[in-house]
file entry_27.txt (compact mmCIF, C-alpha atoms and all ligand atoms)
# COMPACT_ATOMS: atom_id res chain seq x y z
CA MET L 12 -13.95 -132.57 11.45
CA LEU L 13 -12.50 -135.96 10.74
CA SER L 14 -10.34 -136.31 13.84
CA GLY L 15 -9.69 -139.93 14.70
CA LYS L 16 -10.75 -141.16 11.26
CA THR L 17 -8.43 -143.09 8.95
CA ILE L 18 -8.82 -142.89 5.18
CA LEU L 19 -7.13 -145.46 2.99
CA LEU L 20 -6.58 -143.46 -0.20
CA ILE L 21 -5.95 -145.52 -3.32
CA ILE L 22 -4.46 -143.36 -6.07
CA GLY L 23 -5.01 -144.76 -9.55
CA GLY L 24 -2.97 -143.95 -12.63
CA GLY L 25 -4.50 -140.94 -14.33
CA ILE L 26 -3.69 -137.30 -14.88
CA ALA L 27 -6.23 -136.41 -12.16
CA ALA L 28 -3.83 -138.00 -9.63
CA TYR L 29 -2.38 -134.53 -9.04
CA LYS L 30 -5.69 -133.54 -7.40
CA SER L 31 -5.20 -136.34 -4.88
CA LEU L 32 -2.28 -134.40 -3.40
CA GLU L 33 -4.62 -131.54 -2.60
CA LEU L 34 -7.16 -134.04 -1.28
CA ILE L 35 -4.57 -135.47 1.14
CA ARG L 36 -3.75 -131.99 2.38
CA ARG L 37 -7.41 -131.13 2.95
CA LEU L 38 -8.12 -134.43 4.69
CA ARG L 39 -5.24 -133.87 7.06
CA ASP L 40 -6.35 -130.27 7.68
CA ARG L 41 -9.67 -131.75 8.78
CA GLY L 42 -7.88 -134.04 11.22
CA ALA L 43 -7.96 -137.33 9.28
CA ARG L 44 -5.10 -139.79 9.08
CA VAL L 45 -4.38 -140.71 5.44
CA VAL L 46 -2.82 -144.03 4.46
CA PRO L 47 -1.88 -143.77 0.78
CA VAL L 48 -1.71 -146.65 -1.67
CA MET L 49 -0.48 -146.02 -5.20
CA THR L 50 -0.82 -148.22 -8.23
CA GLY L 51 2.25 -148.57 -10.44
CA ALA L 52 0.65 -146.30 -13.04
CA ALA L 53 -0.13 -143.64 -10.40
CA SER L 54 3.56 -143.10 -9.75
CA GLU L 55 3.96 -142.13 -13.42
CA PHE L 56 1.77 -139.11 -12.64
CA VAL L 57 2.73 -138.09 -9.11
CA THR L 58 5.78 -139.16 -7.18
CA PRO L 59 5.48 -141.41 -4.11
CA LEU L 60 7.77 -138.90 -2.37
CA SER L 61 5.22 -136.08 -2.74
CA VAL L 62 2.41 -138.36 -1.59
CA ALA L 63 4.39 -139.56 1.43
CA ALA L 64 5.40 -136.02 2.38
CA LEU L 65 1.80 -134.76 2.26
CA ALA L 66 0.36 -137.83 3.98
CA GLY L 67 3.07 -137.71 6.62
CA GLY L 68 3.72 -141.44 6.39
CA LYS L 69 4.59 -144.41 4.25
CA VAL L 70 3.16 -144.97 0.77
CA TYR L 71 2.08 -148.53 0.05
CA SER L 72 2.74 -149.54 -3.52
CA GLU L 73 1.59 -152.44 -5.58
CA LEU L 74 4.91 -154.23 -5.05
CA PHE L 75 4.71 -157.27 -2.86
CA ASP L 76 6.45 -156.16 0.30
CA LEU L 77 7.49 -158.85 2.73
CA THR L 78 7.92 -156.37 5.58
CA ASP L 79 4.40 -155.08 5.11
CA GLU L 80 3.06 -158.60 4.89
CA ALA L 81 4.78 -159.51 8.13
CA GLU L 82 3.84 -156.29 9.93
CA MET L 83 0.40 -155.58 8.70
CA GLY L 84 -0.76 -157.60 5.75
CA HIS L 85 -2.93 -156.27 2.96
CA ILE L 86 -6.09 -157.58 4.57
CA GLN L 87 -5.52 -155.66 7.75
CA LEU L 88 -4.47 -152.57 5.79
CA SER L 89 -7.82 -152.64 4.02
CA ARG L 90 -9.83 -153.17 7.18
CA SER L 91 -8.20 -150.79 9.62
CA ALA L 92 -9.56 -147.77 7.73
CA ASP L 93 -12.88 -146.03 8.33
CA LEU L 94 -13.31 -145.46 4.60
CA ILE L 95 -11.49 -146.48 1.42
CA VAL L 96 -11.35 -143.72 -1.17
CA VAL L 97 -10.26 -144.41 -4.73
CA ALA L 98 -9.18 -141.17 -6.43
CA PRO L 99 -8.72 -141.18 -9.31
CA ALA L 100 -10.72 -144.33 -9.95
CA THR L 101 -9.61 -145.32 -13.42
CA ALA L 102 -11.61 -147.50 -15.83
CA ASP L 103 -8.98 -150.17 -15.12
CA LEU L 104 -9.43 -150.13 -11.32
CA ILE L 105 -13.22 -149.99 -11.59
CA GLY L 106 -13.15 -152.89 -14.05
CA LYS L 107 -10.85 -154.96 -11.85
CA VAL L 108 -13.08 -154.64 -8.81
CA ALA L 109 -16.30 -155.22 -10.77
CA GLY L 110 -14.69 -158.24 -12.40
CA GLY L 111 -13.31 -159.68 -9.16
CA LEU L 112 -9.66 -159.38 -10.17
CA ALA L 113 -6.95 -158.90 -7.55
CA GLY L 114 -3.66 -158.76 -9.41
CA ASP L 115 -2.05 -155.87 -7.57
CA LEU L 116 -2.10 -154.29 -4.12
CA ALA L 117 -4.84 -151.73 -4.90
CA SER L 118 -7.30 -154.23 -6.35
CA THR L 119 -6.43 -156.83 -3.70
CA LEU L 120 -7.21 -154.31 -0.96
CA LEU L 121 -10.51 -153.46 -2.59
CA MET L 122 -11.43 -157.12 -2.93
CA ALA L 123 -10.37 -158.06 0.60
CA THR L 124 -12.12 -155.29 2.47
CA ASP L 125 -15.33 -155.04 4.41
CA THR L 126 -14.91 -151.27 4.76
CA GLU L 127 -17.11 -148.84 2.81
CA VAL L 128 -15.60 -147.73 -0.53
CA LEU L 129 -16.00 -144.35 -2.24
CA MET L 130 -14.78 -143.94 -5.82
CA ALA L 131 -14.02 -140.68 -7.65
CA PRO L 132 -13.85 -141.74 -11.31
CA ALA L 133 -11.63 -139.93 -13.78
CA MET L 134 -11.23 -140.91 -17.39
CA ASN L 135 -11.73 -139.85 -20.98
CA VAL L 136 -15.35 -139.00 -21.88
CA ARG L 137 -15.76 -141.92 -24.26
CA MET L 138 -14.23 -144.32 -21.80
CA TRP L 139 -16.68 -143.17 -19.12
CA GLN L 140 -19.59 -143.56 -21.54
CA HIS L 141 -18.41 -146.96 -22.74
CA PRO L 142 -21.07 -149.59 -22.03
CA SER L 143 -18.62 -151.82 -20.18
CA VAL L 144 -17.57 -149.01 -17.81
CA GLN L 145 -21.22 -148.02 -17.27
CA ARG L 146 -22.08 -151.66 -16.59
CA ASN L 147 -19.23 -151.96 -14.09
CA VAL L 148 -20.18 -148.71 -12.33
CA GLY L 149 -23.84 -149.77 -12.19
CA TRP L 150 -22.88 -153.12 -10.74
CA LEU L 151 -20.59 -151.55 -8.13
CA ARG L 152 -23.22 -148.98 -7.15
CA ALA L 153 -25.78 -151.75 -6.70
CA SER L 154 -23.35 -153.60 -4.47
CA GLY L 155 -22.89 -150.62 -2.20
CA VAL L 156 -19.84 -148.77 -3.58
CA GLY L 157 -20.31 -144.98 -3.39
CA PHE L 158 -19.41 -142.65 -6.25
CA VAL L 159 -18.61 -138.95 -6.34
CA GLY L 160 -18.57 -137.45 -9.84
CA PRO L 161 -17.31 -137.49 -12.48
CA ASN L 162 -18.02 -133.88 -13.46
CA ASP L 163 -18.58 -132.45 -16.91
CA GLY L 164 -15.81 -130.27 -18.20
CA ASP L 165 -12.69 -129.83 -20.29
CA MET L 166 -10.50 -132.89 -20.19
CA ALA L 167 -6.72 -133.01 -20.23
CA CYS L 168 -7.04 -134.96 -23.52
CA GLY L 169 -8.79 -132.00 -25.16
CA GLU L 170 -12.32 -133.42 -25.16
CA TYR L 171 -15.31 -132.10 -23.24
CA GLY L 172 -17.93 -133.96 -21.23
CA PRO L 173 -18.34 -136.23 -18.21
CA GLY L 174 -15.11 -137.81 -17.02
CA ARG L 175 -13.32 -135.09 -15.07
CA MET L 176 -12.57 -136.13 -11.53
CA SER L 177 -14.53 -134.21 -8.88
CA GLU L 178 -12.63 -131.38 -7.22
CA PRO L 179 -10.88 -132.17 -3.91
CA ALA L 180 -13.48 -130.11 -2.01
CA GLU L 181 -16.30 -132.18 -3.50
CA ILE L 182 -14.56 -135.45 -2.67
CA LEU L 183 -13.94 -134.15 0.84
CA ALA L 184 -17.65 -133.30 1.18
CA ALA L 185 -18.61 -136.82 0.08
CA ILE L 186 -16.12 -138.30 2.56
CA GLU L 187 -17.38 -136.14 5.40
CA ALA L 188 -20.98 -136.99 4.60
CA ARG L 189 -20.06 -140.65 5.10
CA LEU L 190 -17.86 -140.30 8.14
CA MET L 191 -19.26 -137.49 10.21
CA ASP L 192 -21.52 -138.93 12.81
CA GLY L 193 -24.65 -137.08 13.63
CA PRO L 194 -28.41 -137.17 13.47
CA MET L 195 -28.41 -136.35 9.76
CA LYS L 196 -25.99 -139.02 8.62
CA GLY L 197 -27.25 -140.56 5.38
CA LYS L 198 -29.52 -137.57 4.62
CA ARG L 199 -29.01 -135.49 1.50
CA VAL L 200 -29.97 -131.84 1.81
CA LEU L 201 -29.97 -129.03 -0.73
CA VAL L 202 -29.33 -125.44 0.40
CA THR L 203 -29.62 -122.39 -1.86
CA SER L 204 -27.86 -119.24 -0.78
CA GLY L 205 -26.75 -115.75 -1.73
CA PRO L 206 -28.18 -113.28 -4.22
CA THR L 207 -28.61 -113.84 -7.92
CA HIS L 208 -27.14 -111.56 -10.59
CA GLU L 209 -29.43 -110.85 -13.50
CA PRO L 210 -27.49 -109.55 -16.50
CA ILE L 211 -28.34 -106.28 -18.25
CA ASP L 212 -25.47 -106.58 -20.70
CA PRO L 213 -22.09 -108.40 -20.56
CA VAL L 214 -20.73 -106.02 -17.89
CA ARG L 215 -23.78 -104.87 -15.91
CA TYR L 216 -26.25 -106.71 -13.76
CA ILE L 217 -29.09 -106.29 -11.27
CA ALA L 218 -28.51 -107.75 -7.82
CA ASN L 219 -29.64 -107.46 -4.20
CA ARG L 220 -27.93 -107.01 -0.83
CA SER L 221 -27.96 -110.64 0.31
CA SER L 222 -24.53 -111.60 1.67
CA GLY L 223 -25.17 -115.36 1.71
CA ALA L 224 -24.28 -115.46 5.43
CA GLN L 225 -27.48 -117.17 6.62
CA GLY L 226 -27.49 -119.81 3.85
CA THR L 227 -23.80 -120.54 4.43
CA ALA L 228 -24.38 -120.95 8.17
CA ILE L 229 -27.27 -123.34 7.49
CA ALA L 230 -25.18 -125.46 5.11
CA LEU L 231 -22.41 -125.65 7.72
CA ALA L 232 -24.87 -126.59 10.49
CA LEU L 233 -26.40 -129.37 8.38
CA ALA L 234 -22.98 -130.72 7.36
CA ALA L 235 -21.86 -130.66 10.99
CA ARG L 236 -24.83 -132.91 11.80
CA GLY L 237 -23.61 -135.43 9.24
CA ALA L 238 -25.81 -134.50 6.25
CA GLU L 239 -24.54 -134.60 2.69
CA VAL L 240 -25.07 -130.99 1.67
CA ILE L 241 -25.40 -129.64 -1.86
CA PHE L 242 -24.87 -125.92 -1.68
CA VAL L 243 -26.15 -123.95 -4.67
CA THR L 244 -24.93 -120.40 -4.29
CA GLY L 245 -25.21 -117.15 -6.19
CA PRO L 246 -22.33 -114.65 -6.04
CA ALA L 247 -22.21 -114.25 -2.24
CA ASP L 248 -19.90 -112.11 -0.08
CA VAL L 249 -18.99 -114.92 2.31
CA PRO L 250 -17.05 -117.98 1.11
CA PRO L 251 -18.91 -121.31 0.99
CA PRO L 252 -18.34 -123.67 3.93
CA GLU L 253 -15.89 -126.57 3.82
CA GLY L 254 -17.27 -130.05 3.56
CA VAL L 255 -20.19 -129.39 1.25
CA LYS L 256 -20.64 -129.80 -2.49
CA VAL L 257 -20.63 -126.27 -3.92
CA ILE L 258 -22.41 -125.37 -7.17
CA ARG L 259 -21.87 -121.74 -8.17
CA VAL L 260 -24.44 -119.95 -10.28
CA GLN L 261 -25.16 -116.38 -11.32
CA SER L 262 -28.78 -116.00 -12.39
CA ALA L 263 -32.12 -117.36 -11.13
CA ARG L 264 -32.45 -119.54 -14.19
CA GLU L 265 -29.03 -121.08 -13.58
CA MET L 266 -30.01 -121.63 -9.95
CA LEU L 267 -33.20 -123.45 -10.95
CA GLU L 268 -31.21 -125.67 -13.32
CA ALA L 269 -28.64 -126.51 -10.62
CA VAL L 270 -31.39 -127.21 -8.08
CA THR L 271 -33.38 -129.56 -10.30
CA ALA L 272 -30.19 -131.36 -11.35
CA SER L 273 -29.37 -131.97 -7.66
CA LEU L 274 -32.64 -133.73 -6.84
CA PRO L 275 -33.62 -136.08 -5.26
CA VAL L 276 -32.87 -134.82 -1.76
CA ASP L 277 -34.44 -135.49 1.63
CA ALA L 278 -34.83 -131.79 2.39
CA ALA L 279 -34.37 -128.49 0.56
CA VAL L 280 -33.65 -125.21 2.33
CA MET L 281 -34.10 -122.28 -0.02
CA ALA L 282 -32.25 -119.43 1.67
CA ALA L 283 -31.20 -117.67 -1.54
CA ALA L 284 -32.48 -114.19 -2.26
CA VAL L 285 -33.50 -114.99 -5.80
CA ALA L 286 -34.24 -111.97 -8.00
CA ASP L 287 -37.94 -111.88 -8.81
CA TRP L 288 -37.36 -110.28 -12.19
CA ARG L 289 -34.72 -110.33 -14.88
CA VAL L 290 -34.10 -107.95 -17.75
CA ALA L 291 -36.26 -109.13 -20.63
CA ARG L 292 -33.68 -108.71 -23.35
CA GLU L 293 -30.08 -109.01 -22.19
CA ALA L 294 -27.90 -106.91 -24.53
CA LYS L 295 -25.28 -109.00 -26.25
CA SER L 296 -22.73 -106.17 -26.17
CA LYS L 297 -22.17 -103.35 -23.67
CA ILE L 298 -24.92 -100.73 -23.89
CA LYS L 299 -23.29 -97.45 -24.95
CA LYS L 300 -23.89 -94.12 -23.25
CA GLU L 301 -25.55 -91.86 -25.78
CA LYS L 302 -26.29 -88.20 -25.31
CA GLY L 303 -29.93 -87.54 -24.60
CA ALA L 304 -30.93 -91.23 -24.74
CA LEU L 305 -31.47 -93.20 -21.54
CA PRO L 306 -31.74 -96.97 -21.78
CA VAL L 307 -35.15 -98.39 -20.89
CA LEU L 308 -35.12 -101.77 -19.22
CA GLU L 309 -38.08 -104.08 -19.50
CA PHE L 310 -38.46 -106.92 -17.04
CA GLU L 311 -39.67 -110.45 -17.15
CA GLU L 312 -40.56 -112.72 -14.24
CA ASN L 313 -37.96 -115.22 -13.06
CA PRO L 314 -38.91 -118.81 -12.32
CA ASP L 315 -39.87 -119.30 -8.67
CA ILE L 316 -37.48 -122.04 -7.56
CA LEU L 317 -39.10 -122.60 -4.17
CA ALA L 318 -42.59 -122.90 -5.68
CA THR L 319 -41.34 -125.16 -8.47
CA VAL L 320 -39.69 -127.58 -6.03
CA SER L 321 -42.57 -127.42 -3.51
CA GLN L 322 -45.15 -128.22 -6.15
CA MET L 323 -43.34 -131.07 -7.88
CA ASP L 324 -45.49 -134.16 -8.36
CA ALA L 325 -42.65 -136.64 -8.45
CA GLY L 326 -39.38 -136.32 -6.58
CA ARG L 327 -40.49 -133.56 -4.19
CA PRO L 328 -38.13 -133.40 -1.19
CA GLY L 329 -39.74 -134.69 2.01
CA LEU L 330 -39.29 -131.29 3.62
CA VAL L 331 -39.10 -127.95 1.78
CA VAL L 332 -38.12 -124.86 3.76
CA GLY L 333 -38.49 -121.38 2.28
CA PHE L 334 -37.48 -117.97 3.55
CA ALA L 335 -39.45 -114.78 3.60
CA ALA L 336 -37.66 -111.49 3.91
CA GLU L 337 -40.33 -108.93 4.70
CA THR L 338 -40.37 -105.31 5.76
CA ASP L 339 -43.91 -105.15 7.21
CA ASP L 340 -46.68 -107.46 8.45
CA VAL L 341 -44.08 -110.21 8.61
CA VAL L 342 -46.24 -113.08 9.90
CA ALA L 343 -49.25 -112.36 7.67
CA HIS L 344 -47.14 -112.03 4.52
CA ALA L 345 -45.02 -115.06 5.33
CA THR L 346 -48.05 -117.23 6.14
CA ALA L 347 -49.63 -116.29 2.82
CA LYS L 348 -46.33 -116.99 1.07
CA ARG L 349 -46.13 -120.45 2.61
CA ALA L 350 -49.58 -121.31 1.26
CA ARG L 351 -48.93 -119.75 -2.16
CA LYS L 352 -45.65 -121.51 -2.73
CA GLY L 353 -46.62 -124.83 -1.17
CA CYS L 354 -43.52 -125.24 1.02
CA ASP L 355 -43.67 -126.93 4.44
CA TRP L 356 -41.94 -124.33 6.57
CA ILE L 357 -41.18 -120.66 6.12
CA VAL L 358 -38.42 -118.93 8.03
CA ALA L 359 -39.58 -115.33 8.09
CA ASN L 360 -37.61 -112.29 9.08
CA ASP L 361 -37.94 -108.54 9.13
CA VAL L 362 -35.31 -107.03 6.86
CA SER L 363 -36.24 -103.38 7.31
CA PRO L 364 -32.98 -101.40 7.15
CA GLU L 365 -33.23 -100.40 10.85
CA THR L 366 -33.02 -104.10 11.88
CA GLY L 367 -29.52 -104.39 10.36
CA ILE L 368 -30.31 -108.02 9.51
CA MET L 369 -29.63 -108.02 5.77
CA GLY L 370 -25.85 -108.21 5.48
CA GLY L 371 -25.48 -108.25 9.30
CA SER L 372 -24.37 -111.04 11.61
CA GLU L 373 -27.63 -111.49 13.55
CA ASN L 374 -31.11 -112.57 12.66
CA ALA L 375 -34.52 -112.60 14.38
CA VAL L 376 -36.77 -115.15 12.73
CA ILE L 377 -40.26 -116.56 12.97
CA LEU L 378 -40.70 -120.19 11.98
CA ILE L 379 -44.03 -120.79 10.28
CA SER L 380 -45.34 -124.32 9.83
CA ASP L 381 -48.59 -126.27 10.09
CA ALA L 382 -48.23 -125.85 13.82
CA GLY L 383 -48.51 -122.05 13.54
CA SER L 384 -45.83 -119.41 14.04
CA GLU L 385 -42.98 -119.53 16.49
CA ASP L 386 -40.91 -116.47 17.40
CA TRP L 387 -37.22 -117.05 17.93
CA PRO L 388 -35.27 -114.43 19.88
CA ARG L 389 -32.67 -112.35 18.05
CA MET L 390 -29.45 -114.36 17.84
CA GLY L 391 -26.37 -114.88 15.66
CA LYS L 392 -26.95 -116.28 12.16
CA GLN L 393 -24.98 -119.43 13.04
CA GLU L 394 -27.21 -119.98 16.09
CA VAL L 395 -30.32 -119.59 13.92
CA ALA L 396 -28.76 -122.09 11.54
CA ASP L 397 -27.98 -124.58 14.31
CA ARG L 398 -31.47 -124.36 15.70
CA LEU L 399 -33.04 -124.78 12.27
CA ALA L 400 -30.74 -127.72 11.49
CA ASP L 401 -31.81 -129.42 14.74
CA ARG L 402 -35.45 -128.98 13.76
CA ILE L 403 -34.81 -130.35 10.27
CA ALA L 404 -32.91 -133.32 11.74
CA ALA L 405 -35.82 -134.03 14.08
CA ALA L 406 -38.38 -133.79 11.27
CA LEU L 407 -36.40 -136.08 8.95
CA GLY L 408 -35.71 -138.52 11.74
CA MET L 409 -39.37 -139.13 12.40
CA PRO L 410 -41.37 -141.84 10.68
CA PRO L 411 -43.24 -140.48 7.61
CA ALA L 412 -46.44 -139.68 9.54
CA GLY L 413 -44.36 -137.76 12.05
CA VAL L 414 -42.71 -135.70 9.34
CA LEU L 415 -46.13 -134.77 8.01
CA GLY L 416 -47.21 -133.94 11.52
CA ALA L 417 -44.22 -131.65 11.95
CA ARG L 418 -45.21 -129.52 8.96
O1 LIG L 501 -41.27 -114.50 -3.13
P1 LIG L 501 -40.13 -114.24 -2.20
O2 LIG L 501 -38.87 -113.87 -2.92
O3 LIG L 501 -40.41 -113.29 -1.11
O4 LIG L 501 -39.91 -115.66 -1.48
C1 LIG L 501 -38.79 -115.95 -0.74
C2 LIG L 501 -38.51 -117.41 -0.82
O5 LIG L 501 -38.69 -117.90 -2.12
C3 LIG L 501 -37.08 -117.74 -0.47
O6 LIG L 501 -37.04 -119.02 0.13
C4 LIG L 501 -36.41 -117.76 -1.84
O7 LIG L 501 -35.25 -118.57 -1.84
C5 LIG L 501 -37.50 -118.30 -2.72
N1 LIG L 501 -37.51 -117.81 -4.10
C6 LIG L 501 -37.23 -118.67 -5.12
N2 LIG L 501 -37.29 -118.26 -6.42
C7 LIG L 501 -37.67 -116.99 -6.71
C8 LIG L 501 -37.97 -116.09 -5.68
C9 LIG L 501 -37.88 -116.53 -4.37
O8 LIG L 501 -36.90 -119.82 -4.85
N3 LIG L 501 -37.71 -116.60 -7.98

call {"tool": "encode", "arguments": {"input": "entry_27.txt", "output": "structure tokens", "more": "lines below"}}
Ligand code: C5P
result
Amino acid sequence: MLSGKTILLIIGGGIAAYKSLELIRRLRDRGARVVPVMTGAASEFVTPLSVAALAGGKVYSELFDLTDEAEMGHIQLSRSADLIVVAPATADLIGKVAGGLAGDLASTLLMATDTEVLMAPAMNVRMWQHPSVQRNVGWLRASGVGFVGPNDGDMACGEYGPGRMSEPAEILAAIEARLMDGPMKGKRVLVTSGPTHEPIDPVRYIANRSSGAQGTAIALALAARGAEVIFVTGPADVPPPEGVKVIRVQSAREMLEAVTASLPVDAAVMAAAVADWRVAREAKSKIKKEKGALPVLEFEENPDILATVSQMDAGRPGLVVGFAAETDDVVAHATAKRARKGCDWIVANDVSPETGIMGGSENAVILISDAGSEDWPRMGKQEVADRLADRIAAALGMPPAGVLGAR
């Protein structure tokens, strides 16, 4: 939650400004107070009336306002916030701040502040790639300005590539990661969750019974402790938590790609039930039912994401946590799995149908680390998640030798 926090939201002039309306709504749902500032160009895209209505208060514009100067002043406006968010951050606004220009209210606020700034850039692909914009962004990053996005995708101008503003949920996650206090503040953690779907043909796939409940609970627990969470999820039954960056994938190969693209992270928790095999030759069109002929599926091994990340030479997360869903000899199998894959901890559980754990709301796990195995009593999946998140926070909080010792 963001109760008691004030966000100064600077809305720049770009088509992505419409997403800022949704961002205001979500911020207020999370308990934040939003003070909106619009550039002149922004009001060509969204009306100050809509912004004021959603923010539940006055919109500050770039016009010099004597009342505001007397009552509050632009310097105080910029400093009374807990975070300044610029969304959309246009090439113009980025350039003004990087160049030290303060010709309007938005840029003056950004120049006059000592509050942390987070920018969500949005612009045409070529503009984003332009050396001057890249230089400005690099300079701002180096001087402590945070960035979220831009994402790759279709642009309003008809082009494709990086330049699309991050979605409101992603911006919210980045804001929460900065503002939520907790033992994991400043830590970046990757969580995989859910099953994977391995295609047979365009309409059929092979899947498993994972609901994504445990991974989702872990992501929520980590975010609640102030971590910046990247949540890579297969097609799960439960919706992803608020306040995390969500990357949706279908197959194991897509999951591996999303995971490697999200590194570096301080810790990785691989709770996904990744399919071990995929169909060797995915049919390009729907396989037809033919009398007397049954399709024969051949399989191929999927990449092992946990092993790949655990065994990386460069950029390996400081702590890698794997899961082991077993139906017999849980500790022995999970201990062997930990050694084989090279992860630091394994959270093992018995998923025999009679336990009701897979797809259920409870879990009974055994945490396996260098220190041996530790049985946790049966409890709700959120409680397991909270306990695991506390252990991860403790391990990451220790000096490097301590983290090694905790493994
Ligand atoms: O080998 P097994 O599937 O039992 O191992 C479970 C652990 O390995 C889980 O943490 C799961 O997320 C991970 N895994 C993976 N990639 C695979 C298979 C499993 O990351 N292809």

call {"tool": "closest_atom_pairs", "arguments": {"input": "entry_27.txt", "of": "chain L", "to": "ligand LIG 501 (chain L)", "cutoff": "7 Å", "atoms": "all atoms listed in the file", "output": "Markdown table"}}
result
| residue | atom | partner | partner_atom | distance |
| --- | --- | --- | --- | --- |
| L:Thr203 | CA | L:LIG501 | O7 | 6.8 |
| L:Ala263 | CA | L:LIG501 | N3 | 6.5 |
| L:Met281 | CA | L:LIG501 | O7 | 4.3 |
| L:Ala282 | CA | L:LIG501 | O7 | 4.7 |
| L:Ala283 | CA | L:LIG501 | O7 | 4.2 |
| L:Ala284 | CA | L:LIG501 | O7 | 5.2 |
| L:Val285 | CA | L:LIG501 | C8 | 4.6 |
| L:Ala286 | CA | L:LIG501 | N3 | 5.8 |
| L:Asp287 | CA | L:LIG501 | N3 | 4.8 |
| L:Asn313 | CA | L:LIG501 | N3 | 5.3 |
| L:Pro314 | CA | L:LIG501 | N3 | 5.0 |
| L:Asp315 | CA | L:LIG501 | N3 | 3.5 |
| L:Ile316 | CA | L:LIG501 | O8 | 3.6 |
| L:Leu317 | CA | L:LIG501 | O8 | 3.6 |
| L:Ala318 | CA | L:LIG501 | O8 | 6.5 |
| L:Val332 | CA | L:LIG501 | O6 | 7.0 |
| L:Gly333 | CA | L:LIG501 | O6 | 3.5 |
| L:Phe334 | CA | L:LIG501 | O6 | 3.6 |
| L:Ala335 | CA | L:LIG501 | C1 | 4.5 |
| L:Ala336 | CA | L:LIG501 | O3 | 6.0 |

call {"tool": "closest_residue", "arguments": {"input": "entry_27.txt", "among": "L:Gly157, L:Gly25, L:Gly353, L:Gly254", "to": "Ala184 of chain L", "atoms": "only C-alpha atoms"}}
result
L:Gly254

call {"tool": "atom_distance", "arguments": {"input": "entry_27.txt", "atom1": "atom CA of Glu293 of chain L", "atom2": "atom CA of Glu209 of chain L"}}
result
8.9 Å

call {"tool": "residues_around", "arguments": {"input": "entry_27.txt", "residues": "Gly169 of chain L", "least_positions_apart": "5", "cutoff": "12 Å", "atoms": "only C-alpha atoms", "output": "PyMOL selection string"}}
result
chain L and resi 135-136+164+174-175

call {"tool": "axis_aligned_box", "arguments": {"input": "entry_27.txt", "around": "segment 200-206 of chain L", "padding_each_side": "4 Å", "output": "lines of an AutoDock Vina configuration file"}}
result
center_x = -28.4
center_y = -122.6
center_z = -1.2
size_x = 11.2
size_y = 26.6
size_z = 14.0

call {"tool": "residues_around", "arguments": {"input": "entry_27.txt", "residues": "Glu253 of chain L", "least_positions_apart": "2", "cutoff": "8 Å", "atoms": "only C-alpha atoms", "output": "PyMOL selection string"}}
result
chain L and resi 180+184+231+251+255

call {"tool": "decode", "arguments": {"input": "entry_27.txt", "residues": "segment 151-162 of chain L", "atoms": "N, CA and C atoms", "output": "compact mmCIF listing (two decimals), in the first residue's frame"}}
result
# COMPACT_ATOMS: atom_id res chain seq x y z
N LEU L 151 21.06 11.00 -17.26
CA LEU L 151 20.10 11.09 -16.15
C LEU L 151 20.19 9.85 -15.26
N ARG L 152 20.29 8.69 -15.89
CA ARG L 152 20.44 7.44 -15.10
C ARG L 152 21.66 7.56 -14.18
N ALA L 153 22.77 8.01 -14.77
CA ALA L 153 24.01 8.09 -13.98
C ALA L 153 23.86 9.09 -12.84
N SER L 154 22.96 10.08 -13.03
CA SER L 154 22.82 11.03 -11.93
C SER L 154 21.66 10.67 -11.00
N GLY L 155 21.16 9.45 -11.12
CA GLY L 155 20.25 8.94 -10.10
C GLY L 155 18.78 8.93 -10.47
N VAL L 156 18.43 9.37 -11.69
CA VAL L 156 17.02 9.33 -12.10
C VAL L 156 16.67 7.88 -12.45
N GLY L 157 15.53 7.40 -11.98
CA GLY L 157 15.10 6.03 -12.27
C GLY L 157 14.29 6.00 -13.56
N PHE L 158 14.31 4.87 -14.25
CA PHE L 158 13.52 4.73 -15.48
C PHE L 158 12.72 3.44 -15.41
N VAL L 159 11.50 3.50 -15.93
CA VAL L 159 10.70 2.28 -16.10
C VAL L 159 10.29 2.27 -17.57
N GLY L 160 10.66 1.19 -18.28
CA GLY L 160 10.42 1.12 -19.72
C GLY L 160 11.42 1.96 -20.46
N PRO L 161 11.16 2.25 -21.75
CA PRO L 161 9.94 1.92 -22.49
C PRO L 161 9.91 0.46 -22.91
N ASN L 162 8.69 0.00 -23.29
CA ASN L 162 8.52 -1.37 -23.76
C ASN L 162 8.60 -1.41 -25.28
